[in-house]
$ cat data_0.cif   # mmCIF, C-alpha atoms
data_run
#
loop_
_atom_site.label_atom_id
_atom_site.label_comp_id
_atom_site.auth_asym_id
_atom_site.auth_seq_id
_atom_site.Cartn_x
_atom_site.Cartn_y
_atom_site.Cartn_z
CA MET A 1429 -58.03 126.34 -49.66
CA GLU A 1430 -57.54 125.70 -45.99
CA ASN A 1431 -56.32 122.21 -46.81
CA SER A 1432 -53.74 123.19 -49.40
CA LYS A 1433 -52.38 125.97 -47.20
CA VAL A 1434 -51.74 123.62 -44.31
CA ASP A 1435 -50.32 120.97 -46.57
CA THR A 1436 -47.75 123.24 -48.19
CA ALA A 1437 -46.61 124.41 -44.78
CA ASP A 1438 -46.27 120.85 -43.58
CA ILE A 1439 -44.25 119.77 -46.59
CA THR A 1440 -41.78 122.62 -46.14
CA ALA A 1441 -41.67 122.10 -42.41
CA ASP A 1442 -40.75 118.46 -42.70
CA VAL A 1443 -37.62 119.08 -44.74
CA VAL A 1444 -34.67 119.01 -42.36
CA ILE A 1445 -32.22 118.33 -45.18
CA SER A 1446 -33.34 118.45 -48.81
CA GLN A 1447 -32.17 115.92 -51.38
CA GLU A 1448 -30.29 118.65 -53.25
CA ALA A 1449 -28.60 119.84 -50.04
CA LEU A 1450 -27.46 116.32 -49.24
CA LEU A 1451 -25.76 115.92 -52.64
CA ASN A 1452 -24.10 119.33 -52.23
CA HIS A 1453 -22.95 118.28 -48.77
CA TRP A 1454 -21.44 115.07 -50.16
CA GLN A 1455 -19.79 116.71 -53.17
CA GLY A 1456 -18.44 119.48 -50.92
CA HIS A 1457 -16.74 116.85 -48.80
CA ARG A 1458 -15.47 115.17 -51.96
CA ARG A 1459 -13.94 118.46 -53.14
CA LEU A 1460 -12.10 118.74 -49.82
CA THR A 1461 -10.89 115.13 -50.06
CA ARG A 1462 -9.64 115.87 -53.58
CA LYS A 1463 -7.57 118.76 -52.19
CA ALA A 1464 -6.14 116.41 -49.54
CA ILE A 1465 -5.07 113.96 -52.28
CA GLU A 1466 -3.45 116.83 -54.17
CA ALA A 1467 -1.59 117.97 -51.05
CA PHE A 1468 0.25 114.64 -50.72
CA PRO A 1469 3.68 114.20 -52.27
CA GLU A 1470 3.52 111.49 -54.96
CA LYS A 1471 5.58 108.93 -53.05
CA GLU A 1472 4.01 109.41 -49.62
CA LEU A 1473 0.51 109.18 -51.06
CA PHE A 1474 1.25 105.55 -51.81
CA ASP A 1475 3.56 104.50 -48.98
CA PHE A 1476 3.39 106.77 -45.91
CA SER A 1477 1.51 105.51 -42.87
CA ILE A 1478 1.31 105.81 -39.07
CA GLY A 1479 0.70 103.03 -36.54
CA GLY A 1480 0.30 100.29 -39.13
CA MET A 1481 -2.60 102.04 -40.86
CA ARG A 1482 -3.11 102.02 -44.63
CA PRO A 1483 -1.43 104.65 -46.83
CA PHE A 1484 -3.77 107.49 -47.86
CA SER A 1485 -4.12 106.15 -51.44
CA GLN A 1486 -5.61 102.94 -50.03
CA LEU A 1487 -8.04 104.86 -47.84
CA ILE A 1488 -9.00 106.83 -50.96
CA MET A 1489 -9.61 103.60 -52.88
CA GLU A 1490 -12.02 102.51 -50.13
CA ILE A 1491 -13.89 105.82 -50.23
CA ALA A 1492 -13.94 105.87 -54.04
CA GLY A 1493 -15.15 102.29 -54.30
CA ILE A 1494 -18.01 102.87 -51.87
CA SER A 1495 -19.08 106.12 -53.58
CA ALA A 1496 -18.93 104.73 -57.10
CA THR A 1497 -20.67 101.43 -56.51
CA GLY A 1498 -22.85 102.43 -53.54
CA LEU A 1499 -25.00 105.00 -55.26
CA SER A 1500 -25.40 102.82 -58.35
CA GLY A 1501 -26.45 100.03 -55.96
CA VAL A 1502 -29.13 102.30 -54.53
CA VAL A 1503 -30.38 103.24 -58.00
CA SER A 1504 -30.25 99.82 -59.66
CA GLY A 1505 -30.79 97.51 -56.68
CA ASN A 1506 -27.74 95.57 -57.89
CA TRP A 1507 -25.09 95.62 -55.18
CA ILE A 1508 -21.59 94.27 -55.49
CA THR A 1509 -20.56 92.19 -52.48
CA LEU A 1510 -18.21 93.39 -49.75
CA GLY A 1511 -15.58 91.04 -51.19
CA GLU A 1512 -15.95 92.63 -54.62
CA LEU A 1513 -15.81 96.06 -52.98
CA HIS A 1514 -12.52 95.17 -51.28
CA GLY A 1515 -11.29 93.72 -54.58
CA LEU A 1516 -11.51 97.18 -56.15
CA ARG A 1517 -8.28 97.97 -54.29
CA GLU A 1518 -6.53 95.92 -56.93
CA LYS A 1519 -7.49 98.58 -59.47
CA MET A 1520 -5.41 101.16 -57.60
CA PRO A 1521 -4.06 103.73 -60.06
CA ALA A 1522 -0.26 103.97 -60.06
CA THR A 1523 0.01 107.76 -59.91
CA LYS A 1524 -1.61 110.69 -58.13
CA LYS A 1525 -2.72 112.07 -61.48
CA GLU A 1526 -4.62 108.88 -62.33
CA LEU A 1527 -6.10 108.70 -58.82
CA LEU A 1528 -7.46 112.24 -59.26
CA LYS A 1529 -8.82 111.33 -62.70
CA MET A 1530 -10.69 108.39 -61.18
CA TRP A 1531 -11.97 110.70 -58.43
CA ASP A 1532 -13.29 113.22 -60.97
CA GLU A 1533 -15.07 110.53 -62.95
CA ILE A 1534 -16.93 109.49 -59.79
CA THR A 1535 -17.90 113.13 -59.18
CA VAL A 1536 -19.64 113.23 -62.57
CA GLN A 1537 -21.20 109.81 -61.96
CA LEU A 1538 -22.72 110.86 -58.61
CA ASP A 1539 -24.19 114.05 -60.09
CA SER A 1540 -25.66 112.01 -62.89
CA LEU A 1541 -27.14 109.24 -60.71
CA TRP A 1542 -28.49 111.46 -57.92
CA PRO A 1543 -31.70 112.59 -59.67
CA GLU A 1544 -32.53 108.91 -60.27
CA VAL A 1545 -32.98 108.39 -56.52
CA THR A 1546 -36.61 109.38 -56.01
CA VAL A 1547 -37.04 111.20 -52.72
CA ASP A 1548 -39.31 108.52 -51.19
CA ARG A 1549 -36.44 106.03 -51.45
CA PHE A 1550 -34.36 107.75 -48.76
CA GLN A 1551 -36.44 106.08 -46.05
CA GLU A 1552 -36.46 102.70 -47.84
CA THR A 1553 -34.49 99.91 -46.18
CA VAL A 1554 -31.77 98.33 -48.32
CA LEU A 1555 -29.07 95.70 -47.79
CA ALA A 1556 -26.06 97.70 -48.94
CA PHE A 1557 -23.26 95.62 -50.44
CA ARG A 1558 -25.49 92.64 -49.51
CA GLN A 1559 -24.26 93.12 -45.94
CA TRP A 1560 -25.35 96.33 -44.19
CA GLU A 1561 -29.06 96.85 -43.54
CA GLY A 1562 -30.42 100.34 -43.14
CA THR A 1563 -32.29 103.12 -44.86
CA VAL A 1564 -30.84 104.63 -48.02
CA CYS A 1565 -30.47 107.89 -46.10
CA SER A 1566 -28.53 106.28 -43.24
CA MET A 1567 -26.27 104.48 -45.75
CA ILE A 1568 -25.40 107.65 -47.64
CA LEU A 1569 -24.72 109.49 -44.36
CA TYR A 1570 -22.51 106.58 -43.31
CA TRP A 1571 -20.52 106.75 -46.54
CA ILE A 1572 -19.99 110.49 -46.08
CA ASP A 1573 -18.97 109.95 -42.43
CA ASN A 1574 -16.54 107.26 -43.52
CA GLU A 1575 -15.00 109.66 -46.03
CA ILE A 1576 -14.62 112.42 -43.39
CA HIS A 1577 -13.09 109.86 -41.02
CA HIS A 1578 -10.47 108.52 -43.42
CA ARG A 1579 -9.68 111.94 -44.89
CA ALA A 1580 -8.98 113.20 -41.35
CA GLN A 1581 -6.45 110.40 -40.97
CA GLY A 1582 -4.82 111.70 -44.16
CA PHE A 1583 -4.71 115.15 -42.55
CA VAL A 1584 -2.66 113.69 -39.68
CA TYR A 1585 -0.32 112.02 -42.19
CA LEU A 1586 0.13 115.42 -43.88
CA ARG A 1587 0.86 117.13 -40.55
CA ALA A 1588 3.35 114.39 -39.68
CA LEU A 1589 5.02 115.06 -43.04
CA GLY A 1590 5.22 118.77 -42.21
CA ILE A 1591 2.56 119.69 -44.80
CA GLU A 1592 -0.38 122.02 -44.04
CA PRO A 1593 -3.64 120.22 -44.93
CA PRO A 1594 -6.35 122.09 -46.87
CA ALA A 1595 -8.78 124.13 -44.73
CA PHE A 1596 -11.47 121.85 -43.29
CA TRP A 1597 -14.19 124.50 -43.67
CA ASP A 1598 -13.48 125.24 -47.34
CA ARG A 1599 -15.63 123.01 -49.55
CA SER A 1600 -15.26 125.07 -52.75
CA MET B 1262 -60.12 112.55 -50.00
CA GLU B 1263 -57.99 112.73 -53.09
CA ASN B 1264 -56.28 115.79 -51.66
CA SER B 1265 -55.40 114.32 -48.30
CA LYS B 1266 -54.02 111.16 -49.89
CA VAL B 1267 -51.66 113.12 -52.12
CA ASP B 1268 -50.64 115.44 -49.31
CA THR B 1269 -49.67 112.67 -46.91
CA ALA B 1270 -47.55 111.05 -49.59
CA ASP B 1271 -45.83 114.36 -50.34
CA ILE B 1272 -45.02 115.06 -46.72
CA THR B 1273 -43.44 111.65 -46.25
CA ALA B 1274 -41.69 111.92 -49.59
CA ASP B 1275 -39.97 115.18 -48.72
CA VAL B 1276 -38.27 113.82 -45.64
CA VAL B 1277 -34.74 112.88 -46.60
CA ILE B 1278 -33.60 112.96 -42.97
CA SER B 1279 -36.09 113.49 -40.17
CA GLN B 1280 -35.37 115.70 -37.19
CA GLU B 1281 -35.39 112.68 -34.89
CA ALA B 1282 -32.98 110.78 -37.18
CA LEU B 1283 -30.57 113.72 -37.21
CA LEU B 1284 -30.41 113.81 -33.40
CA ASN B 1285 -29.87 110.04 -33.31
CA HIS B 1286 -27.13 110.43 -35.90
CA TRP B 1287 -25.42 113.10 -33.81
CA GLN B 1288 -25.76 111.26 -30.50
CA GLY B 1289 -24.54 108.04 -32.17
CA HIS B 1290 -21.39 109.87 -33.20
CA ARG B 1291 -21.09 111.29 -29.70
CA ARG B 1292 -21.30 107.78 -28.22
CA LEU B 1293 -18.43 106.71 -30.49
CA THR B 1294 -16.37 109.77 -29.53
CA ARG B 1295 -16.99 108.94 -25.86
CA LYS B 1296 -15.53 105.47 -26.47
CA ALA B 1297 -12.47 107.05 -28.11
CA ILE B 1298 -11.94 109.24 -25.01
CA GLU B 1299 -12.24 106.14 -22.82
CA ALA B 1300 -9.69 104.26 -24.95
CA PHE B 1301 -6.95 106.84 -24.27
CA PRO B 1302 -4.53 106.28 -21.41
CA GLU B 1303 -4.94 109.10 -18.84
CA LYS B 1304 -1.59 110.76 -19.53
CA GLU B 1305 -1.64 110.55 -23.33
CA LEU B 1306 -5.18 111.95 -23.47
CA PHE B 1307 -3.73 115.23 -22.25
CA ASP B 1308 -0.25 115.31 -23.77
CA PHE B 1309 0.18 112.99 -26.78
CA SER B 1310 0.22 114.55 -30.24
CA ILE B 1311 1.54 114.07 -33.78
CA GLY B 1312 2.93 116.72 -36.14
CA GLY B 1313 2.35 119.63 -33.76
CA MET B 1314 -1.39 118.98 -33.51
CA ARG B 1315 -3.41 119.41 -30.31
CA PRO B 1316 -3.69 116.54 -27.80
CA PHE B 1317 -6.99 114.66 -28.03
CA SER B 1318 -8.36 116.29 -24.86
CA GLN B 1319 -8.05 119.70 -26.52
CA LEU B 1320 -9.82 118.47 -29.65
CA ILE B 1321 -12.54 117.12 -27.37
CA MET B 1322 -12.87 120.51 -25.65
CA GLU B 1323 -13.44 122.11 -29.06
CA ILE B 1324 -16.11 119.55 -29.97
CA ALA B 1325 -17.76 119.77 -26.54
CA GLY B 1326 -17.78 123.58 -26.56
CA ILE B 1327 -19.40 123.73 -29.99
CA SER B 1328 -22.03 121.11 -29.11
CA ALA B 1329 -22.93 122.62 -25.75
CA THR B 1330 -23.15 126.26 -26.80
CA GLY B 1331 -24.10 125.76 -30.47
CA LEU B 1332 -27.45 124.11 -29.97
CA SER B 1333 -28.40 126.53 -27.17
CA GLY B 1334 -27.44 129.34 -29.59
CA VAL B 1335 -29.85 127.90 -32.16
CA VAL B 1336 -32.64 127.64 -29.60
CA SER B 1337 -32.17 130.97 -27.80
CA GLY B 1338 -30.68 133.11 -30.56
CA ASN B 1339 -27.97 134.09 -28.07
CA TRP B 1340 -24.58 133.03 -29.44
CA ILE B 1341 -21.29 133.26 -27.62
CA THR B 1342 -18.50 134.70 -29.77
CA LEU B 1343 -15.73 132.64 -31.37
CA GLY B 1344 -13.36 134.15 -28.80
CA GLU B 1345 -15.59 132.99 -25.97
CA LEU B 1346 -15.85 129.57 -27.62
CA HIS B 1347 -12.07 129.28 -27.74
CA GLY B 1348 -11.94 130.53 -24.13
CA LEU B 1349 -13.84 127.41 -23.04
CA ARG B 1350 -10.55 125.54 -23.44
CA GLU B 1351 -9.53 127.14 -20.17
CA LYS B 1352 -12.22 125.08 -18.46
CA MET B 1353 -10.47 121.85 -19.46
CA PRO B 1354 -11.13 119.16 -16.83
CA ALA B 1355 -7.97 117.76 -15.26
CA THR B 1356 -8.84 114.08 -15.56
CA LYS B 1357 -10.40 111.67 -18.03
CA LYS B 1358 -13.17 110.96 -15.56
CA GLU B 1359 -14.14 114.62 -15.36
CA LEU B 1360 -13.90 115.00 -19.13
CA LEU B 1361 -16.34 112.09 -19.54
CA LYS B 1362 -18.66 113.61 -16.93
CA MET B 1363 -18.72 116.88 -18.88
CA TRP B 1364 -19.39 114.90 -22.07
CA ASP B 1365 -22.33 113.10 -20.48
CA GLU B 1366 -23.85 116.34 -19.24
CA ILE B 1367 -23.81 117.68 -22.79
CA THR B 1368 -25.51 114.48 -24.00
CA VAL B 1369 -28.43 115.17 -21.65
CA GLN B 1370 -28.47 118.85 -22.62
CA LEU B 1371 -28.71 118.09 -26.36
CA ASP B 1372 -31.56 115.62 -25.84
CA SER B 1373 -33.36 118.21 -23.77
CA LEU B 1374 -32.86 121.15 -26.18
CA TRP B 1375 -33.55 119.26 -29.42
CA PRO B 1376 -37.37 119.30 -29.24
CA GLU B 1377 -37.20 123.08 -28.81
CA VAL B 1378 -35.86 123.46 -32.35
CA THR B 1379 -39.06 123.60 -34.39
CA VAL B 1380 -38.65 121.79 -37.69
CA ASP B 1381 -39.11 124.90 -39.83
CA ARG B 1382 -36.01 126.41 -38.23
CA PHE B 1383 -33.63 123.94 -39.93
CA GLN B 1384 -33.77 125.98 -43.14
CA GLU B 1385 -33.47 129.31 -41.30
CA THR B 1386 -30.22 131.23 -41.81
CA VAL B 1387 -28.29 132.04 -38.63
CA LEU B 1388 -24.94 133.67 -37.82
CA ALA B 1389 -23.48 130.91 -35.65
CA PHE B 1390 -21.05 132.11 -33.02
CA ARG B 1391 -21.64 135.57 -34.56
CA GLN B 1392 -19.27 134.49 -37.33
CA TRP B 1393 -20.49 131.68 -39.57
CA GLU B 1394 -23.55 132.27 -41.75
CA GLY B 1395 -25.63 129.33 -42.91
CA THR B 1396 -28.81 127.42 -42.31
CA VAL B 1397 -29.35 125.76 -38.95
CA CYS B 1398 -29.23 122.42 -40.75
CA SER B 1399 -25.89 123.15 -42.42
CA MET B 1400 -24.44 124.33 -39.09
CA ILE B 1401 -25.46 121.19 -37.22
CA LEU B 1402 -24.08 119.01 -40.04
CA TYR B 1403 -20.86 121.02 -39.88
CA TRP B 1404 -20.55 120.44 -36.13
CA ILE B 1405 -21.06 116.70 -36.59
CA ASP B 1406 -18.50 116.66 -39.44
CA ASN B 1407 -16.04 118.54 -37.25
CA GLU B 1408 -16.51 115.95 -34.52
CA ILE B 1409 -15.95 113.03 -36.94
CA HIS B 1410 -12.86 114.82 -38.28
CA HIS B 1411 -11.20 115.45 -34.91
CA ARG B 1412 -12.20 112.06 -33.50
CA ALA B 1413 -10.52 110.40 -36.50
CA GLN B 1414 -7.34 112.25 -35.61
CA GLY B 1415 -7.66 110.75 -32.13
CA PHE B 1416 -7.98 107.32 -33.79
CA VAL B 1417 -4.57 107.87 -35.43
CA TYR B 1418 -3.11 108.90 -32.07
CA LEU B 1419 -4.47 105.66 -30.59
CA ARG B 1420 -2.98 103.57 -33.44
CA ALA B 1421 0.36 105.34 -33.00
CA LEU B 1422 0.16 104.41 -29.29
CA GLY B 1423 -0.47 100.79 -30.23
CA ILE B 1424 -4.10 100.92 -29.03
CA GLU B 1425 -7.02 99.57 -31.09
CA PRO B 1426 -9.60 102.35 -31.52
CA PRO B 1427 -13.33 101.55 -31.01
CA ALA B 1428 -15.15 100.21 -34.10
CA PHE B 1429 -16.17 103.09 -36.38
CA TRP B 1430 -19.46 101.45 -37.32
CA ASP B 1431 -20.59 100.79 -33.74
CA ARG B 1432 -22.66 103.72 -32.50
CA SER B 1433 -24.29 101.91 -29.57
#
$ encode --input "data_0.cif" --output "structure tokens"
Amino acid sequence: MENSKVDTADITADVVISQEALLNHWQGHRRLTRKAIEAFPEKELFDFSIGGMRPFSQLIMEIAGISATGLSGVVSGNWITLGELHGLREKMPATKKELLKMWDEITVQLDSLWPEVTVDRFQETVLAFRQWEGTVCSMILYWIDNEIHHRAQGFVYLRALGIEPPAFWDRS
Amino acid sequence: MENSKVDTADITADVVISQEALLNHWQGHRRLTRKAIEAFPEKELFDFSIGGMRPFSQLIMEIAGISATGLSGVVSGNWITLGELHGLREKMPATKKELLKMWDEITVQLDSLWPEVTVDRFQETVLAFRQWEGTVCSMILYWIDNEIHHRAQGFVYLRALGIEPPAFWDRS
């Protein structure tokens, strides 16, 4: 009895972020990024930029490519290379509508793959995209950070275009 | 014997992100933000902006204010109000050197306060800045996200000024 009581407490106590919370965190960010895509005018989504940076659609292709192939890499152990990841840019949809459709397909894919990552794997070291070494947890955090980073650049593009970006705090 | 074996495995298995890893993640982002501050020319740090947004120094004051008072709010239960948080802008240092000094003091403060957050508190619901309700974990993630978001806007400012921002992946 004494043993099981202590053990349950320890298990709860060690959870800083649960696996479910991390997926919700990621998908919440993805919902906000989707709203940023929607906020762009069709033309400027594909051609507006500041300071020689990539248009927002190209930043979105980077984020989408990492999300789609990264989590399947974690689950299957089969990673595409960085070169193949960059090559996904060539599959850029031609319209905002198609870009959003691609985005939504990845949303479903992530929800579907997530339960296949057993919780012990988050501390396992992987070589993501056969290039970046780190724990599964650190990789997924990095991908989310990268999405926040590039989306924020899109927010500046929107402001420069005189368009109010979606609210940063609203992940619904 | 059988019990303790299972229990140890379960405790390890439930850790998606450890408390120590989350602090390292945060401080790694703070090191990158520090490099972004350093990359700005003195004048433009305080007056350059795009699309009516705040200069980078003001974004930094927001991030610094949240970091400095947020974690002490978690630890002590005493939160300043949102109004008081915004009022911290008035304490804006006049030079880049002083801004960096303030930043470094907060770095030490966070390292010092972090062990005072017992691990069970990460799932506790708080009313941060007497305004935002959520778990301690979700609040800290939100503060980190907010830092990534505003720093990325500073990266666009740097690009627009013809300055190469620090490498996003380098958190050393």
$ residues_near_point --input "data_0.cif" --point "(-32.6, 105.8, -61.8)" --cutoff "9 Å" --atoms "only C-alpha atoms" --output "ChimeraX atom specification"
/A:1500,1502-1504,1541-1546
$ write_last_selection --input "data_0.cif" --atoms "C-alpha atoms" --output "PDB file, keeping the file's coordinate frame"
ATOM      1  CA  SER A1500     -25.400 102.820 -58.350  1.00  0.00           C
ATOM      2  CA  VAL A1502     -29.130 102.300 -54.530  1.00  0.00           C
ATOM      3  CA  VAL A1503     -30.380 103.240 -58.000  1.00  0.00           C
ATOM      4  CA  SER A1504     -30.250  99.820 -59.660  1.00  0.00           C
ATOM      5  CA  LEU A1541     -27.140 109.240 -60.710  1.00  0.00           C
ATOM      6  CA  TRP A1542     -28.490 111.460 -57.920  1.00  0.00           C
ATOM      7  CA  PRO A1543     -31.700 112.590 -59.670  1.00  0.00           C
ATOM      8  CA  GLU A1544     -32.530 108.910 -60.270  1.00  0.00           C
ATOM      9  CA  VAL A1545     -32.980 108.390 -56.520  1.00  0.00           C
ATOM     10  CA  THR A1546     -36.610 109.380 -56.010  1.00  0.00           C
TER      11      THR A1546
END
$ closest_residue --input "data_0.cif" --among "A:Ile1568, A:Ile1491, A:Leu1451, A:Ile1478" --to "chain B" --atoms "all atoms listed in the file"
A:Ile1478
$ closest_residue --input "data_0.cif" --among "A:Val1554, A:Met1481, A:Ala1464, A:Met1530" --to "chain B" --atoms "all atoms listed in the file"
A:Met1481
$ residues_around --input "data_0.cif" --residues "His1578 of chain A" --least-positions-apart "5" --cutoff "8 Å" --atoms "only C-alpha atoms" --output "PyMOL selection string"
(chain A and resi 1487-1488) or (chain B and resi 1413)
$ write_last_selection --input "data_0.cif" --atoms "C-alpha atoms" --output "compact mmCIF listing (two decimals), keeping the file's coordinate frame"
# COMPACT_ATOMS: atom_id res chain seq x y z
CA LEU A 1487 -8.04 104.86 -47.84
CA ILE A 1488 -9.00 106.83 -50.96
CA ALA B 1413 -10.52 110.40 -36.50
$ closest_residue --input "data_0.cif" --among "A:Val1547, A:Ile1534, A:Ile1508, A:Ala1522" --to "Val1564 of chain A" --atoms "all atoms listed in the file"
A:Val1547
$ resolve_selection --input "data_0.cif" --expression "the PyMOL selection byres ((chain B) within 6 of (chain A))" --output "PyMOL selection string"
chain B and resi 1272+1274+1276-1278+1312+1380-1381+1383+1409-1410+1413-1414+1420-1421
$ resolve_selection --input "data_0.cif" --expression "the PyMOL selection byres ((chain A and resi 1465) around 8)" --output "VMD selection string"
chain A and resid 1461 to 1464 1466 to 1468 1473 1484 to 1485 1524 1528
$ build_atoms --input "data_0.cif" --residues "segment 1513-1537 of chain A" --atoms "N, CA and C atoms" --output "PDB file, in the frame of the given file"
ATOM      1  N   LEU A1513     -16.165  94.682 -53.335  1.00  0.00           N
ATOM      2  CA  LEU A1513     -15.810  96.060 -52.980  1.00  0.00           C
ATOM      3  C   LEU A1513     -14.329  96.130 -52.566  1.00  0.00           C
ATOM      4  N   HIS A1514     -13.920  95.195 -51.708  1.00  0.00           N
ATOM      5  CA  HIS A1514     -12.520  95.170 -51.280  1.00  0.00           C
ATOM      6  C   HIS A1514     -11.593  94.871 -52.459  1.00  0.00           C
ATOM      7  N   GLY A1515     -12.084  94.076 -53.403  1.00  0.00           N
ATOM      8  CA  GLY A1515     -11.290  93.720 -54.580  1.00  0.00           C
ATOM      9  C   GLY A1515     -10.958  94.917 -55.458  1.00  0.00           C
ATOM     10  N   LEU A1516     -11.760  95.981 -55.329  1.00  0.00           N
ATOM     11  CA  LEU A1516     -11.510  97.180 -56.150  1.00  0.00           C
ATOM     12  C   LEU A1516     -10.151  97.803 -55.851  1.00  0.00           C
ATOM     13  N   ARG A1517      -9.629  97.483 -54.641  1.00  0.00           N
ATOM     14  CA  ARG A1517      -8.280  97.970 -54.290  1.00  0.00           C
ATOM     15  C   ARG A1517      -7.242  97.572 -55.329  1.00  0.00           C
ATOM     16  N   GLU A1518      -7.500  96.416 -55.940  1.00  0.00           N
ATOM     17  CA  GLU A1518      -6.530  95.920 -56.930  1.00  0.00           C
ATOM     18  C   GLU A1518      -6.434  96.847 -58.134  1.00  0.00           C
ATOM     19  N   LYS A1519      -7.485  97.658 -58.314  1.00  0.00           N
ATOM     20  CA  LYS A1519      -7.490  98.580 -59.470  1.00  0.00           C
ATOM     21  C   LYS A1519      -6.849  99.914 -59.116  1.00  0.00           C
ATOM     22  N   MET A1520      -6.085  99.936 -58.043  1.00  0.00           N
ATOM     23  CA  MET A1520      -5.410 101.160 -57.600  1.00  0.00           C
ATOM     24  C   MET A1520      -4.586 101.799 -58.722  1.00  0.00           C
ATOM     25  N   PRO A1521      -4.898 103.041 -59.075  1.00  0.00           N
ATOM     26  CA  PRO A1521      -4.060 103.730 -60.060  1.00  0.00           C
ATOM     27  C   PRO A1521      -2.626 103.859 -59.530  1.00  0.00           C
ATOM     28  N   ALA A1522      -1.676 103.971 -60.456  1.00  0.00           N
ATOM     29  CA  ALA A1522      -0.260 103.970 -60.060  1.00  0.00           C
ATOM     30  C   ALA A1522       0.272 105.354 -59.746  1.00  0.00           C
ATOM     31  N   THR A1523      -0.481 106.393 -60.121  1.00  0.00           N
ATOM     32  CA  THR A1523       0.010 107.760 -59.910  1.00  0.00           C
ATOM     33  C   THR A1523      -1.082 108.628 -59.294  1.00  0.00           C
ATOM     34  N   LYS A1524      -0.654 109.733 -58.704  1.00  0.00           N
ATOM     35  CA  LYS A1524      -1.610 110.690 -58.130  1.00  0.00           C
ATOM     36  C   LYS A1524      -2.524 111.243 -59.221  1.00  0.00           C
ATOM     37  N   LYS A1525      -1.945 111.511 -60.368  1.00  0.00           N
ATOM     38  CA  LYS A1525      -2.720 112.070 -61.480  1.00  0.00           C
ATOM     39  C   LYS A1525      -3.877 111.134 -61.873  1.00  0.00           C
ATOM     40  N   GLU A1526      -3.580 109.846 -61.956  1.00  0.00           N
ATOM     41  CA  GLU A1526      -4.620 108.880 -62.330  1.00  0.00           C
ATOM     42  C   GLU A1526      -5.651 108.705 -61.205  1.00  0.00           C
ATOM     43  N   LEU A1527      -5.173 108.795 -59.955  1.00  0.00           N
ATOM     44  CA  LEU A1527      -6.100 108.700 -58.820  1.00  0.00           C
ATOM     45  C   LEU A1527      -7.095 109.866 -58.862  1.00  0.00           C
ATOM     46  N   LEU A1528      -6.585 111.065 -59.173  1.00  0.00           N
ATOM     47  CA  LEU A1528      -7.460 112.240 -59.260  1.00  0.00           C
ATOM     48  C   LEU A1528      -8.428 112.124 -60.437  1.00  0.00           C
ATOM     49  N   LYS A1529      -7.951 111.513 -61.520  1.00  0.00           N
ATOM     50  CA  LYS A1529      -8.820 111.330 -62.700  1.00  0.00           C
ATOM     51  C   LYS A1529      -9.984 110.405 -62.330  1.00  0.00           C
ATOM     52  N   MET A1530      -9.653 109.312 -61.642  1.00  0.00           N
ATOM     53  CA  MET A1530     -10.690 108.390 -61.180  1.00  0.00           C
ATOM     54  C   MET A1530     -11.679 109.123 -60.275  1.00  0.00           C
ATOM     55  N   TRP A1531     -11.138 109.932 -59.359  1.00  0.00           N
ATOM     56  CA  TRP A1531     -11.970 110.700 -58.430  1.00  0.00           C
ATOM     57  C   TRP A1531     -12.968 111.589 -59.189  1.00  0.00           C
ATOM     58  N   ASP A1532     -12.453 112.284 -60.204  1.00  0.00           N
ATOM     59  CA  ASP A1532     -13.290 113.220 -60.970  1.00  0.00           C
ATOM     60  C   ASP A1532     -14.365 112.494 -61.765  1.00  0.00           C
ATOM     61  N   GLU A1533     -14.057 111.299 -62.224  1.00  0.00           N
ATOM     62  CA  GLU A1533     -15.070 110.530 -62.950  1.00  0.00           C
ATOM     63  C   GLU A1533     -16.221 110.152 -62.022  1.00  0.00           C
ATOM     64  N   ILE A1534     -15.881 109.839 -60.765  1.00  0.00           N
ATOM     65  CA  ILE A1534     -16.930 109.490 -59.790  1.00  0.00           C
ATOM     66  C   ILE A1534     -17.780 110.724 -59.471  1.00  0.00           C
ATOM     67  N   THR A1535     -17.147 111.883 -59.430  1.00  0.00           N
ATOM     68  CA  THR A1535     -17.900 113.130 -59.180  1.00  0.00           C
ATOM     69  C   THR A1535     -19.011 113.299 -60.210  1.00  0.00           C
ATOM     70  N   VAL A1536     -18.659 113.091 -61.481  1.00  0.00           N
ATOM     71  CA  VAL A1536     -19.640 113.230 -62.570  1.00  0.00           C
ATOM     72  C   VAL A1536     -20.716 112.147 -62.436  1.00  0.00           C
ATOM     73  N   GLN A1537     -20.269 110.939 -62.104  1.00  0.00           N
ATOM     74  CA  GLN A1537     -21.200 109.810 -61.960  1.00  0.00           C
ATOM     75  C   GLN A1537     -22.239 110.073 -60.864  1.00  0.00           C
TER      76      GLN A1537
END
